[in-house]
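What follows is a single structure, written as structure tokens, with notes after it.
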Amino acid sequence: MHAAVVTDFTKPPVYQDFPQPASVAANDVVVDVVAAGLHPLVRSRAAGTHYTSTGELPLVPGIDGVGRAPDGTLRYFVVATNVGAMAEQTVIDLRRSVVLPDDADPVAIAAAMNPAMSSWVALRRRVTMQAGQTVVVLGATGSAGRLAVQAAKHLGAGEVIGIGRDRRQLAALPDLGADDVIALDELAANLDRVLAADIVIDYIWGQPAAELMAGFAGGRHDSAQPLTWIQIGSMAGATADIPSAALRSMPLQIVGSGIGSVAVADIVAELPELAAAISGGTLRTQARAVPLADVERVWPQPENGQRVVFTP
């Protein structure tokens with residue numbers, strides 16, 4: 001079969017022949033891959049830089065996708081082996097998959113499930129969000145951030161505030177459910193608009209996160225109001241110089257949400273409802289379908305607001 005194959009962590013995957021996968025465990029089946037998303041996690045694993053990377057080569061990237069099972073069902077799956085989703089076929093564990101409606105759009109599902117899962121699982125499994133609470137999405141203009149705005153609103157947030165760098169994407173957030181939007185470079189002058197937040201979903205970390213925490217610590221009107229900070233991504237830096245006053249001057253809880261901090265069983269339990277929300281159009285993202293044969297050419301290109309989905 002053909003697959004995208006990484007043989008050097010410093011270079012894009014190459015479309016080439018790769019051994020046919022075979023199921024070896026009781027719950028494993030071989031599926032024909034229909035669509036696989038190029039997510040930031042996929043890129044970092046293919047570069048050997050993600051904290052879950054094993055350092056082993058060669059590898060077939062792709063952490064999830066949509067495939068046709070031997071029984072004819074269309075399934076969204078999370079990859080359970082070292083042969084990823086960016087291949088004509090892969091092995092999946094049926095327990096880490098969910099059957100999709102026959103009329104589901106495989107490209108939309110492959111594009112949205114992983115980035116939507118980050119905020120959906122965080123709000124359902126890492127914190128207890130109360131209906132009507134105010135949620136701030138820091139890094140709201142990326143694919144995951146735009147979906148976080150929609151997920152927070154769908155799951156009961158009373159107000160959602162999006163903060164991001166891309167002004168074009170920022171202007172589109174109200175159509176996705178955002179009640180307010182703030183450009184990241186104008187946040188310091190508009191801090192009063194976020195100080196009543198109950199939850200922050202953070203995709204960027206680094207200096208912007210540290211500065212915003214300091215702003216909450218110094219300007220929160222009700223110092224007894226709890227603030228839950230959910231750390232998901234680190235686009236602005238892997239470390240943040242958090243001021244100690246932020247931890248002492250208010251009831252601040254910082255939690256991470258990602259692979260390892262949420263049990264696999266808990267993630268899988270959320271898949272059916274999340275898939276239904278995407279299939280039904282409740283959660284929307286921008287996707288660009290690309291033939292898998294073009295992987296080497298397309299891999300280095302910027303996302304520009306559209307999640308690339310490879311179709312074998």
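Chain lettering (A, B, ...) mirrors the order of the structure tokens, residue numbering begins at 1 for each chain separately, and ligand numbering begins at 1 in order of display.
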
- request: Using DSSP on the backbone coordinates, identify the residues of stretch 10-206 of chain A assigned to strand (DSSP E); present them as number ranges by chain.
  value: A: 14-17, 28-37, 64-68, 74-78, 89-93, 97-99, 134-138, 159-164, 180-183, 199-202

Next, the residues of the selection above should be written as a compact mmCIF listing (two decimals), in the first residue's frame with N, CA and C atoms.
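out_32.txt was written with the following content:
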# COMPACT_ATOMS: atom_id res chain seq x y z
N VAL A 14 7.17 11.45 3.08
CA VAL A 14 7.22 11.16 1.65
C VAL A 14 6.17 10.09 1.32
N TYR A 15 5.49 10.30 0.21
CA TYR A 15 4.48 9.33 -0.25
C TYR A 15 5.20 8.17 -0.90
N GLN A 16 5.11 6.98 -0.30
CA GLN A 16 5.83 5.83 -0.81
C GLN A 16 5.17 4.53 -0.37
N ASP A 17 5.70 3.43 -0.85
CA ASP A 17 5.19 2.12 -0.46
C ASP A 17 5.50 1.86 1.01
N ASP A 28 -9.01 -5.53 17.02
CA ASP A 28 -8.41 -4.80 15.91
C ASP A 28 -9.07 -5.18 14.58
N VAL A 29 -9.20 -4.20 13.71
CA VAL A 29 -9.60 -4.46 12.33
C VAL A 29 -8.79 -3.54 11.42
N VAL A 30 -8.62 -3.97 10.18
CA VAL A 30 -7.97 -3.13 9.18
C VAL A 30 -9.05 -2.33 8.47
N VAL A 31 -8.89 -1.01 8.39
CA VAL A 31 -9.87 -0.16 7.71
C VAL A 31 -9.22 0.49 6.50
N ASP A 32 -10.04 0.78 5.50
CA ASP A 32 -9.63 1.60 4.38
C ASP A 32 -9.78 3.06 4.81
N VAL A 33 -8.67 3.78 4.86
CA VAL A 33 -8.72 5.17 5.31
C VAL A 33 -9.39 6.04 4.25
N VAL A 34 -10.33 6.86 4.70
CA VAL A 34 -11.05 7.78 3.82
C VAL A 34 -10.52 9.20 3.96
N ALA A 35 -10.17 9.59 5.19
CA ALA A 35 -9.70 10.95 5.45
C ALA A 35 -8.90 10.99 6.74
N ALA A 36 -7.85 11.81 6.76
CA ALA A 36 -7.01 11.96 7.96
C ALA A 36 -6.55 13.41 8.07
N GLY A 37 -6.74 14.02 9.22
CA GLY A 37 -6.44 15.43 9.42
C GLY A 37 -4.99 15.69 9.77
N ASP A 64 -5.61 10.25 13.96
CA ASP A 64 -7.02 9.91 13.88
C ASP A 64 -7.48 10.04 12.44
N GLY A 65 -8.71 9.61 12.20
CA GLY A 65 -9.23 9.72 10.84
C GLY A 65 -10.59 9.08 10.70
N VAL A 66 -11.02 8.98 9.47
CA VAL A 66 -12.27 8.32 9.14
C VAL A 66 -11.94 7.18 8.19
N GLY A 67 -12.51 6.02 8.47
CA GLY A 67 -12.21 4.86 7.64
C GLY A 67 -13.43 3.97 7.44
N ARG A 68 -13.34 3.14 6.42
CA ARG A 68 -14.40 2.17 6.11
C ARG A 68 -13.96 0.81 6.64
N LEU A 74 -18.88 3.23 8.35
CA LEU A 74 -17.97 4.37 8.32
C LEU A 74 -17.66 4.74 9.76
N ARG A 75 -16.39 4.80 10.11
CA ARG A 75 -16.00 5.00 11.50
C ARG A 75 -15.01 6.14 11.65
N TYR A 76 -15.21 6.94 12.70
CA TYR A 76 -14.15 7.83 13.15
C TYR A 76 -13.32 7.02 14.12
N PHE A 77 -12.00 7.11 14.01
CA PHE A 77 -11.14 6.32 14.87
C PHE A 77 -9.97 7.14 15.39
N VAL A 78 -9.49 6.73 16.55
CA VAL A 78 -8.25 7.24 17.11
C VAL A 78 -7.23 6.13 16.94
N GLN A 89 -4.44 2.20 4.23
CA GLN A 89 -5.09 1.37 5.25
C GLN A 89 -4.36 1.53 6.57
N THR A 90 -5.07 1.29 7.66
CA THR A 90 -4.45 1.26 8.97
C THR A 90 -5.24 0.31 9.87
N VAL A 91 -4.65 -0.03 10.99
CA VAL A 91 -5.31 -0.90 11.96
C VAL A 91 -5.92 -0.03 13.05
N ILE A 92 -7.17 -0.30 13.38
CA ILE A 92 -7.82 0.43 14.47
C ILE A 92 -8.33 -0.54 15.52
N ASP A 93 -8.42 -0.06 16.72
CA ASP A 93 -9.08 -0.78 17.82
C ASP A 93 -10.53 -0.31 17.82
N SER A 97 -13.15 3.79 18.50
CA SER A 97 -13.80 4.31 17.28
C SER A 97 -15.29 4.46 17.53
N VAL A 98 -15.94 5.18 16.64
CA VAL A 98 -17.38 5.37 16.73
C VAL A 98 -17.96 5.31 15.33
N VAL A 99 -19.09 4.63 15.18
CA VAL A 99 -19.74 4.53 13.88
C VAL A 99 -20.38 5.86 13.54
N THR A 134 -18.84 32.44 32.27
CA THR A 134 -18.12 33.15 31.22
C THR A 134 -16.82 32.41 30.92
N VAL A 135 -16.60 32.13 29.65
CA VAL A 135 -15.42 31.40 29.20
C VAL A 135 -14.60 32.29 28.27
N VAL A 136 -13.32 32.39 28.52
CA VAL A 136 -12.38 33.10 27.65
C VAL A 136 -11.57 32.06 26.88
N VAL A 137 -11.48 32.22 25.56
CA VAL A 137 -10.64 31.35 24.75
C VAL A 137 -9.42 32.15 24.32
N LEU A 138 -8.27 31.81 24.87
CA LEU A 138 -7.02 32.48 24.54
C LEU A 138 -6.35 31.71 23.40
N GLU A 159 -21.44 33.40 28.36
CA GLU A 159 -20.71 34.36 27.54
C GLU A 159 -19.38 33.74 27.15
N VAL A 160 -19.01 33.91 25.89
CA VAL A 160 -17.72 33.41 25.40
C VAL A 160 -16.97 34.59 24.79
N ILE A 161 -15.72 34.77 25.24
CA ILE A 161 -14.87 35.86 24.76
C ILE A 161 -13.68 35.26 24.04
N GLY A 162 -13.48 35.64 22.79
CA GLY A 162 -12.38 35.12 22.01
C GLY A 162 -11.23 36.11 21.93
N ILE A 163 -10.02 35.64 22.19
CA ILE A 163 -8.82 36.46 22.08
C ILE A 163 -7.87 35.80 21.09
N GLY A 164 -7.38 36.58 20.11
CA GLY A 164 -6.48 35.98 19.13
C GLY A 164 -5.73 37.01 18.34
N ASP A 180 -17.93 38.38 22.49
CA ASP A 180 -16.99 39.49 22.44
C ASP A 180 -15.69 38.95 21.87
N VAL A 181 -14.94 39.80 21.18
CA VAL A 181 -13.63 39.41 20.64
C VAL A 181 -12.64 40.53 20.92
N ILE A 182 -11.40 40.13 21.19
CA ILE A 182 -10.35 41.09 21.51
C ILE A 182 -9.07 40.66 20.80
N ALA A 183 -8.44 41.58 20.09
CA ALA A 183 -7.15 41.28 19.47
C ALA A 183 -6.10 41.14 20.57
N ILE A 199 -13.67 30.75 33.45
CA ILE A 199 -12.80 29.72 32.87
C ILE A 199 -11.99 30.34 31.73
N VAL A 200 -10.72 30.01 31.66
CA VAL A 200 -9.89 30.37 30.52
C VAL A 200 -9.44 29.08 29.84
N ILE A 201 -9.69 28.96 28.54
CA ILE A 201 -9.17 27.85 27.74
C ILE A 201 -7.97 28.40 26.97
N ASP A 202 -6.79 27.90 27.29
CA ASP A 202 -5.55 28.50 26.80
C ASP A 202 -4.84 27.61 25.79

field: Test item: residues at most 10 Å from A:Pro226, only C-alpha atoms, excluding those fewer than 4 positions along its chain, as a ChimeraX atom specification
entry: /A:196-199,222,250-253

Please write the residues from the selection above to a file, keeping all heavy atoms, as a PDB file, in the first residue's frame.
ATOM      1  N   ALA A 196     -14.194  39.265  34.519  1.00  0.00           N
ATOM      2  CA  ALA A 196     -15.257  38.519  35.196  1.00  0.00           C
ATOM      3  C   ALA A 196     -15.317  37.063  34.750  1.00  0.00           C
ATOM      4  O   ALA A 196     -16.248  36.333  35.110  1.00  0.00           O
ATOM      5  CB  ALA A 196     -16.614  39.187  34.942  1.00  0.00           C
ATOM      6  N   ALA A 197     -14.327  36.601  33.999  1.00  0.00           N
ATOM      7  CA  ALA A 197     -14.340  35.238  33.467  1.00  0.00           C
ATOM      8  C   ALA A 197     -14.283  34.199  34.583  1.00  0.00           C
ATOM      9  O   ALA A 197     -13.694  34.419  35.650  1.00  0.00           O
ATOM     10  CB  ALA A 197     -13.182  35.038  32.502  1.00  0.00           C
ATOM     11  N   ASP A 198     -14.895  33.054  34.313  1.00  0.00           N
ATOM     12  CA  ASP A 198     -14.839  31.919  35.233  1.00  0.00           C
ATOM     13  C   ASP A 198     -13.832  30.865  34.767  1.00  0.00           C
ATOM     14  O   ASP A 198     -13.232  30.165  35.583  1.00  0.00           O
ATOM     15  CB  ASP A 198     -16.221  31.260  35.329  1.00  0.00           C
ATOM     16  CG  ASP A 198     -17.286  32.209  35.812  1.00  0.00           C
ATOM     17  OD1 ASP A 198     -17.258  32.564  36.999  1.00  0.00           O
ATOM     18  OD2 ASP A 198     -18.146  32.619  34.988  1.00  0.00           O
ATOM     19  N   ILE A 199     -13.669  30.754  33.450  1.00  0.00           N
ATOM     20  CA  ILE A 199     -12.802  29.724  32.866  1.00  0.00           C
ATOM     21  C   ILE A 199     -11.994  30.344  31.730  1.00  0.00           C
ATOM     22  O   ILE A 199     -12.542  31.110  30.929  1.00  0.00           O
ATOM     23  CB  ILE A 199     -13.630  28.531  32.323  1.00  0.00           C
ATOM     24  CG1 ILE A 199     -14.371  27.820  33.467  1.00  0.00           C
ATOM     25  CG2 ILE A 199     -12.746  27.541  31.566  1.00  0.00           C
ATOM     26  CD1 ILE A 199     -15.361  26.762  32.986  1.00  0.00           C
ATOM     27  N   ASP A 222     -13.863  40.941  41.941  1.00  0.00           N
ATOM     28  CA  ASP A 222     -14.217  40.086  43.076  1.00  0.00           C
ATOM     29  C   ASP A 222     -13.082  39.091  43.267  1.00  0.00           C
ATOM     30  O   ASP A 222     -12.988  38.089  42.566  1.00  0.00           O
ATOM     31  CB  ASP A 222     -15.534  39.353  42.797  1.00  0.00           C
ATOM     32  CG  ASP A 222     -15.962  38.448  43.950  1.00  0.00           C
ATOM     33  OD1 ASP A 222     -15.257  38.413  44.969  1.00  0.00           O
ATOM     34  OD2 ASP A 222     -17.001  37.757  43.797  1.00  0.00           O
ATOM     35  N   MET A 250      -6.014  35.165  44.459  1.00  0.00           N
ATOM     36  CA  MET A 250      -7.342  34.740  44.017  1.00  0.00           C
ATOM     37  C   MET A 250      -7.378  33.217  43.982  1.00  0.00           C
ATOM     38  O   MET A 250      -6.329  32.563  43.909  1.00  0.00           O
ATOM     39  CB  MET A 250      -7.671  35.300  42.630  1.00  0.00           C
ATOM     40  CG  MET A 250      -6.722  34.856  41.540  1.00  0.00           C
ATOM     41  SD  MET A 250      -7.178  35.535  39.923  1.00  0.00           S
ATOM     42  CE  MET A 250      -5.750  35.031  38.933  1.00  0.00           C
ATOM     43  N   PRO A 251      -8.570  32.622  44.060  1.00  0.00           N
ATOM     44  CA  PRO A 251      -8.690  31.162  43.986  1.00  0.00           C
ATOM     45  C   PRO A 251      -8.497  30.682  42.545  1.00  0.00           C
ATOM     46  O   PRO A 251      -9.459  30.453  41.814  1.00  0.00           O
ATOM     47  CB  PRO A 251     -10.101  30.885  44.509  1.00  0.00           C
ATOM     48  CG  PRO A 251     -10.849  32.147  44.323  1.00  0.00           C
ATOM     49  CD  PRO A 251      -9.854  33.273  44.366  1.00  0.00           C
ATOM     50  N   LEU A 252      -7.222  30.584  42.136  1.00  0.00           N
ATOM     51  CA  LEU A 252      -6.860  30.201  40.775  1.00  0.00           C
ATOM     52  C   LEU A 252      -6.497  28.723  40.735  1.00  0.00           C
ATOM     53  O   LEU A 252      -5.652  28.251  41.501  1.00  0.00           O
ATOM     54  CB  LEU A 252      -5.670  31.040  40.296  1.00  0.00           C
ATOM     55  CG  LEU A 252      -5.014  30.631  38.975  1.00  0.00           C
ATOM     56  CD1 LEU A 252      -5.984  30.789  37.811  1.00  0.00           C
ATOM     57  CD2 LEU A 252      -3.745  31.444  38.737  1.00  0.00           C
ATOM     58  N   GLN A 253      -7.142  28.000  39.813  1.00  0.00           N
ATOM     59  CA  GLN A 253      -6.824  26.589  39.595  1.00  0.00           C
ATOM     60  C   GLN A 253      -6.303  26.432  38.172  1.00  0.00           C
ATOM     61  O   GLN A 253      -6.980  26.812  37.214  1.00  0.00           O
ATOM     62  CB  GLN A 253      -8.062  25.709  39.796  1.00  0.00           C
ATOM     63  CG  GLN A 253      -7.799  24.226  39.562  1.00  0.00           C
ATOM     64  CD  GLN A 253      -9.062  23.388  39.627  1.00  0.00           C
ATOM     65  OE1 GLN A 253     -10.138  23.861  39.275  1.00  0.00           O
ATOM     66  NE2 GLN A 253      -8.938  22.146  40.066  1.00  0.00           N
TER      67      GLN A 253
END

- request: May I ask which of the residues A:Ala209, A:Val121, A:Ala140, A:Val255 is the closest one to A:Gln169, counting only C-alpha atoms?
  value: A:Ala140

- prompt: So which residues of stretch 60-178 of chain A fall under alpha helix (DSSP H) by DSSP, listed as a ChimeraX atom specification?
  reply: /A:106-121,143-154,167-172

Coordinates-based distance that separates atom CA of A:Arg125 from atom CA of A:Thr52 (Å, one decimal): 20.6 Å

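If only C-alpha atoms are the atoms counted, then among A:Arg126, A:Thr10, A:Leu271, A:Val264 the closest residue to A:Thr49 is A:Thr10.
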
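Interatomic distance, atom CA of A:Ala4 to atom CA of A:Ala87: 6.2 Å.
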
- line: For A:Arg124, the closest of A:Gln301, A:Ser257, A:Ser143, A:Ser249 counting only C-alpha atoms is A:Ser257

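Note that the spacing between atom CA of A:Thr285 and atom CA of A:Ala112 amounts to 6.1 Å.
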
- line: Using only C-alpha atoms, the shortest atom-to-atom distance to A:Ile109 among A:Gly158, A:Gly260, A:Pro70, A:Pro272 belongs to A:Pro272

query: Smallest atom-to-atom distance to A:Ser279: which of A:Ala171, A:Val298, A:Leu100, A:Ile63, using only C-alpha atoms?
result: A:Leu100

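With only C-alpha atoms taken into account, the protein and nucleic acid residues at most 7 Å from A:Ala144 (excluding it and anything under 3 positions from it in its own chain) are Pro115, Ala116, Leu147 and Ala148 of chain A.
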
message: So that I can check the surroundings of A:Ile232, please list as a ChimeraX atom specification every protein, DNA and RNA residue that reaches within 9 Å of it, counting only C-alpha atoms and ignoring chain neighbours fewer than 2 positions away.
response: /A:118-119,122,201-205,230,234,255-258

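Compared by their closest atoms to A:Thr239, and using only C-alpha atoms, the residues A:Gln207, A:Ser261, A:Gln225, A:Asn190 rank with A:Gln207 nearest.
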
task: May I have the residues within 8 Å of A:Leu292 as a ChimeraX atom specification, using only C-alpha atoms and disregarding those fewer than 2 positions away in the same chain?
output: /A:3-4,15,86-87,290,294-295,310-312

- request: Write out as a list in words each polymer residue whose atoms come within 7 Å of A:Leu283, counting only C-alpha atoms; drop sequence neighbours fewer than 6 positions from it.
  value: Leu147, Gln150, Ala151 and Ala277 of chain A

Restricting it to N, CA, C and O atoms, dump the selection as a PDB file, in the first residue's frame.
ATOM      1  N   LEU A 147     -13.201  26.257  17.287  1.00  0.00           N
ATOM      2  CA  LEU A 147     -14.092  25.185  17.732  1.00  0.00           C
ATOM      3  C   LEU A 147     -14.357  25.276  19.228  1.00  0.00           C
ATOM      4  O   LEU A 147     -15.437  24.920  19.699  1.00  0.00           O
ATOM      5  N   GLN A 150     -17.232  27.552  19.869  1.00  0.00           N
ATOM      6  CA  GLN A 150     -18.503  26.885  19.581  1.00  0.00           C
ATOM      7  C   GLN A 150     -18.837  25.830  20.634  1.00  0.00           C
ATOM      8  O   GLN A 150     -19.986  25.714  21.077  1.00  0.00           O
ATOM      9  N   ALA A 151     -17.827  25.061  21.054  1.00  0.00           N
ATOM     10  CA  ALA A 151     -18.067  24.016  22.046  1.00  0.00           C
ATOM     11  C   ALA A 151     -18.498  24.610  23.378  1.00  0.00           C
ATOM     12  O   ALA A 151     -19.425  24.110  24.027  1.00  0.00           O
ATOM     13  N   ALA A 277     -22.345  16.287  16.977  1.00  0.00           N
ATOM     14  CA  ALA A 277     -22.359  17.747  16.917  1.00  0.00           C
ATOM     15  C   ALA A 277     -21.687  18.253  15.644  1.00  0.00           C
ATOM     16  O   ALA A 277     -22.130  19.239  15.042  1.00  0.00           O
TER      17      ALA A 277
END
